[in-house]
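Containing compact mmCIF, N, CA and C atoms: my_file23.txt.
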# COMPACT_ATOMS: atom_id res chain seq x y z
N GLY H 1 -3.09 18.43 -5.25
CA GLY H 1 -2.23 19.20 -4.49
C GLY H 1 -0.80 18.74 -4.45
N LYS H 2 -0.09 19.52 -3.70
CA LYS H 2 1.34 19.32 -3.52
C LYS H 2 1.60 18.26 -2.45
N PRO H 3 2.57 17.36 -2.69
CA PRO H 3 2.93 16.40 -1.62
C PRO H 3 3.44 17.15 -0.39
N MET H 4 3.11 16.64 0.79
CA MET H 4 3.45 17.35 2.01
C MET H 4 4.37 16.58 2.96
N TYR H 5 4.54 15.30 2.78
CA TYR H 5 5.31 14.50 3.72
C TYR H 5 6.60 14.02 3.07
N GLN H 6 7.71 14.32 3.72
CA GLN H 6 9.01 13.89 3.22
C GLN H 6 9.44 12.64 3.97
N ALA H 7 9.92 11.65 3.24
CA ALA H 7 10.52 10.47 3.85
C ALA H 7 12.01 10.53 3.56
N ARG H 8 12.82 10.28 4.59
CA ARG H 8 14.26 10.26 4.39
C ARG H 8 14.88 9.19 5.26
N ILE H 9 16.10 8.82 4.90
CA ILE H 9 16.80 7.74 5.60
C ILE H 9 18.25 8.14 5.77
N HIS H 10 18.87 7.70 6.84
CA HIS H 10 20.26 8.06 7.11
C HIS H 10 21.19 6.93 6.68
N LEU H 11 22.07 7.26 5.73
CA LEU H 11 23.13 6.35 5.26
C LEU H 11 24.37 7.20 5.03
N ASN H 12 25.20 7.36 6.01
CA ASN H 12 26.35 8.26 5.87
C ASN H 12 25.88 9.64 5.43
N GLY H 13 24.85 10.12 6.02
CA GLY H 13 24.17 11.35 5.65
C GLY H 13 22.73 11.03 5.31
N TYR H 14 21.92 12.05 5.23
CA TYR H 14 20.51 11.81 4.93
C TYR H 14 20.26 11.74 3.44
N TYR H 15 19.42 10.80 3.04
CA TYR H 15 18.95 10.65 1.67
C TYR H 15 17.45 10.85 1.68
N ILE H 16 16.96 11.67 0.79
CA ILE H 16 15.52 11.84 0.65
C ILE H 16 14.98 10.68 -0.16
N ILE H 17 14.01 9.98 0.41
CA ILE H 17 13.36 8.86 -0.27
C ILE H 17 12.33 9.40 -1.25
N GLY H 18 11.61 10.43 -0.83
CA GLY H 18 10.60 11.04 -1.69
C GLY H 18 9.67 11.92 -0.88
N TYR H 19 8.73 12.51 -1.59
CA TYR H 19 7.70 13.36 -1.00
C TYR H 19 6.35 12.73 -1.30
N TYR H 20 5.49 12.66 -0.28
CA TYR H 20 4.24 11.91 -0.40
C TYR H 20 3.06 12.71 0.12
N LYS H 21 1.88 12.35 -0.32
CA LYS H 21 0.66 13.07 0.03
C LYS H 21 0.21 12.81 1.46
N THR H 22 0.54 11.63 2.00
CA THR H 22 0.09 11.29 3.35
C THR H 22 1.25 10.77 4.19
N ALA H 23 1.07 10.84 5.50
CA ALA H 23 2.07 10.29 6.42
C ALA H 23 2.17 8.78 6.24
N LEU H 24 1.05 8.13 5.96
CA LEU H 24 1.06 6.68 5.73
C LEU H 24 1.93 6.33 4.53
N GLU H 25 1.77 7.06 3.43
CA GLU H 25 2.59 6.79 2.25
C GLU H 25 4.07 7.01 2.56
N ALA H 26 4.40 8.06 3.29
CA ALA H 26 5.79 8.32 3.65
C ALA H 26 6.35 7.20 4.53
N ALA H 27 5.55 6.70 5.46
CA ALA H 27 5.98 5.61 6.34
C ALA H 27 6.23 4.34 5.55
N ILE H 28 5.34 4.03 4.62
CA ILE H 28 5.50 2.82 3.80
C ILE H 28 6.67 2.99 2.84
N ALA H 29 6.88 4.19 2.32
CA ALA H 29 8.02 4.45 1.44
C ALA H 29 9.34 4.20 2.18
N TYR H 30 9.39 4.62 3.44
CA TYR H 30 10.58 4.36 4.26
C TYR H 30 10.82 2.86 4.38
N ASN H 31 9.75 2.11 4.65
CA ASN H 31 9.89 0.65 4.75
C ASN H 31 10.36 0.05 3.43
N LYS H 32 9.84 0.56 2.33
CA LYS H 32 10.24 0.06 1.01
C LYS H 32 11.71 0.38 0.76
N ALA H 33 12.16 1.56 1.15
CA ALA H 33 13.57 1.93 0.99
C ALA H 33 14.46 0.99 1.79
N ILE H 34 14.05 0.65 3.00
CA ILE H 34 14.80 -0.32 3.80
C ILE H 34 14.92 -1.64 3.05
N ASP H 35 13.82 -2.13 2.52
CA ASP H 35 13.84 -3.39 1.77
C ASP H 35 14.80 -3.33 0.60
N ILE H 36 14.78 -2.22 -0.12
CA ILE H 36 15.67 -2.05 -1.28
C ILE H 36 17.13 -2.06 -0.83
N LEU H 37 17.44 -1.32 0.22
CA LEU H 37 18.82 -1.25 0.70
C LEU H 37 19.31 -2.60 1.20
N ILE H 38 18.49 -3.32 1.92
CA ILE H 38 18.87 -4.65 2.40
C ILE H 38 19.11 -5.59 1.23
N SER H 39 18.28 -5.50 0.18
CA SER H 39 18.47 -6.36 -0.99
C SER H 39 19.77 -6.03 -1.72
N LYS H 40 20.30 -4.82 -1.50
CA LYS H 40 21.57 -4.41 -2.11
C LYS H 40 22.77 -4.74 -1.22
N GLY H 41 22.52 -5.38 -0.08
CA GLY H 41 23.59 -5.81 0.80
C GLY H 41 23.87 -4.93 2.00
N CYS H 42 23.06 -3.94 2.22
CA CYS H 42 23.24 -3.06 3.37
C CYS H 42 22.97 -3.86 4.66
N LYS H 43 23.90 -3.78 5.59
CA LYS H 43 23.79 -4.54 6.85
C LYS H 43 23.28 -3.69 8.01
N LYS H 44 23.08 -2.39 7.78
CA LYS H 44 22.63 -1.50 8.85
C LYS H 44 21.26 -1.96 9.35
N GLN H 45 21.09 -1.90 10.65
CA GLN H 45 19.82 -2.28 11.27
C GLN H 45 18.87 -1.09 11.24
N PHE H 46 17.80 -1.21 10.48
CA PHE H 46 16.79 -0.17 10.40
C PHE H 46 15.53 -0.66 11.12
N LYS H 47 14.85 0.25 11.75
CA LYS H 47 13.58 -0.09 12.39
C LYS H 47 12.45 0.25 11.43
N GLN H 48 11.65 -0.75 11.07
CA GLN H 48 10.52 -0.54 10.15
C GLN H 48 9.44 0.29 10.84
N ASN H 49 8.74 1.07 10.06
CA ASN H 49 7.58 1.81 10.57
C ASN H 49 6.40 0.86 10.74
N TYR H 50 5.72 1.01 11.85
CA TYR H 50 4.51 0.24 12.10
C TYR H 50 3.34 1.04 11.55
N THR H 51 2.54 0.39 10.75
CA THR H 51 1.40 1.07 10.11
C THR H 51 0.11 0.49 10.67
N GLU H 52 -0.38 1.10 11.70
CA GLU H 52 -1.56 0.64 12.41
C GLU H 52 -2.82 0.84 11.58
N GLY H 53 -3.70 -0.15 11.62
CA GLY H 53 -5.01 -0.03 10.98
C GLY H 53 -5.01 -0.18 9.47
N VAL H 54 -3.93 -0.71 8.91
CA VAL H 54 -3.84 -0.89 7.46
C VAL H 54 -3.83 -2.39 7.16
N SER H 55 -4.76 -2.83 6.32
CA SER H 55 -4.80 -4.25 5.97
C SER H 55 -3.57 -4.61 5.15
N ALA H 56 -3.25 -5.88 5.13
CA ALA H 56 -2.10 -6.36 4.36
C ALA H 56 -2.25 -6.03 2.88
N SER H 57 -3.46 -6.17 2.35
CA SER H 57 -3.66 -5.90 0.93
C SER H 57 -3.55 -4.41 0.62
N MET H 58 -4.04 -3.56 1.51
CA MET H 58 -3.91 -2.12 1.31
C MET H 58 -2.44 -1.70 1.39
N TYR H 59 -1.73 -2.23 2.37
CA TYR H 59 -0.30 -1.95 2.53
C TYR H 59 0.44 -2.35 1.25
N ALA H 60 0.18 -3.56 0.77
CA ALA H 60 0.85 -4.06 -0.43
C ALA H 60 0.55 -3.19 -1.64
N ASP H 61 -0.68 -2.73 -1.77
CA ASP H 61 -1.05 -1.88 -2.90
C ASP H 61 -0.30 -0.55 -2.84
N ILE H 62 -0.26 0.06 -1.67
CA ILE H 62 0.46 1.33 -1.51
C ILE H 62 1.95 1.11 -1.77
N TYR H 63 2.51 0.08 -1.16
CA TYR H 63 3.94 -0.26 -1.30
C TYR H 63 4.31 -0.39 -2.77
N HIS H 64 3.51 -1.12 -3.51
CA HIS H 64 3.79 -1.39 -4.92
C HIS H 64 3.79 -0.12 -5.76
N HIS H 65 2.91 0.81 -5.46
CA HIS H 65 2.76 2.00 -6.29
C HIS H 65 3.66 3.19 -5.91
N LEU H 66 4.29 3.13 -4.74
CA LEU H 66 5.12 4.27 -4.31
C LEU H 66 6.41 4.34 -5.10
N LYS H 67 6.76 5.55 -5.51
CA LYS H 67 8.03 5.79 -6.19
C LYS H 67 9.07 6.14 -5.13
N ILE H 68 10.27 5.60 -5.34
CA ILE H 68 11.38 5.81 -4.43
C ILE H 68 12.47 6.56 -5.19
N SER H 69 13.16 7.46 -4.52
CA SER H 69 14.22 8.25 -5.14
C SER H 69 15.22 7.37 -5.89
N SER H 70 15.67 7.86 -7.03
CA SER H 70 16.67 7.12 -7.80
C SER H 70 17.97 6.99 -7.03
N LYS H 71 18.25 7.91 -6.11
CA LYS H 71 19.47 7.81 -5.29
C LYS H 71 19.42 6.58 -4.38
N ILE H 72 18.25 6.24 -3.91
CA ILE H 72 18.08 5.03 -3.11
C ILE H 72 18.14 3.80 -4.02
N MET H 73 17.44 3.89 -5.14
CA MET H 73 17.39 2.76 -6.07
C MET H 73 18.79 2.41 -6.59
N GLN H 74 19.64 3.40 -6.73
CA GLN H 74 20.98 3.20 -7.28
C GLN H 74 22.07 3.17 -6.21
N TYR H 75 21.67 3.21 -4.96
CA TYR H 75 22.66 3.25 -3.88
C TYR H 75 23.58 2.04 -3.97
N ASN H 76 24.87 2.31 -3.87
CA ASN H 76 25.86 1.25 -3.96
C ASN H 76 26.45 1.05 -2.57
N TYR H 77 26.03 -0.01 -1.92
CA TYR H 77 26.49 -0.28 -0.56
C TYR H 77 27.90 -0.86 -0.61
N GLU H 78 28.78 -0.26 0.17
CA GLU H 78 30.14 -0.77 0.31
C GLU H 78 30.39 -1.09 1.77
N ALA H 79 30.83 -2.31 2.02
CA ALA H 79 31.06 -2.77 3.39
C ALA H 79 32.20 -2.01 4.06
Whole structure, structure tokens version:
Amino acid sequence: GKPMYQARIHLNGYYIIGYYKTALEAAIAYNKAIDILISKGCKKQFKQNYTEGVSASMYADIYHHLKISSKIMQYNYEA
């Protein structure tokens, strides 16, 4: 089927992170986008999504396999 959950993040406007099959995947994708942005030097304080009932290994597996929008991957943070 068609992905049903949109993940997006606000950085001087909204950026779509991607579309996902489950709310859990969308929540983890948001967390992954935060990690990517912070690694690029973004200083904005983001609140991570809490993913209740997910083991660390399951979270890591989902995190690793999720695709993130190229706009996020290529975001150029300017102070």
### Message
Measuring between only C-alpha atoms, which one of H:Ile38, H:Ile28, H:Leu11, H:Ile16 shows the shortest distance to Asp61 of chain H?
### Response
H:Ile28
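Neighbouring residues of Asn49 of chain H at 9 Å or closer, counting only C-alpha atoms and skipping chain neighbours under 2 positions away, are Ala27, Ile28, Tyr30, Asn31, Lys47 and Thr51 of chain H.
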### Query
Among chain H, which ones does DSSP place in strand (DSSP E), written as a ChimeraX atom specification?
/H:5-10,14-20
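If you look at atom C of Leu37 of chain H and atom C of Ala60 of chain H, they are 19.0 Å away from each other.
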### Task
With only C-alpha atoms counted, which protein, DNA or RNA residues have an atom no more than 12 Å from (34.3, -7.3, 2.1) in the file frame? Please answer as an NGL selection string.
:H and (41-43 or 77-79)
### Task
Compile the contact shell of segment 71-76 of chain H as a VMD selection string: residues with an atom at most 12 Å away, counting only C-alpha atoms, same-chain residues fewer than 4 positions apart removed.
chain H and resid 7 to 12 14 to 18 29 to 30 32 to 42 67
### Query
Mind checking DSSP for chain H and telling me the alpha helix (DSSP H) residues as a ChimeraX atom specification?
/H:23-39,56-65,70-73
### Query
Quick one: distance from atom C of Tyr19 of chain H to atom C of Tyr5 of chain H in Å, one decimal?
4.6 Å
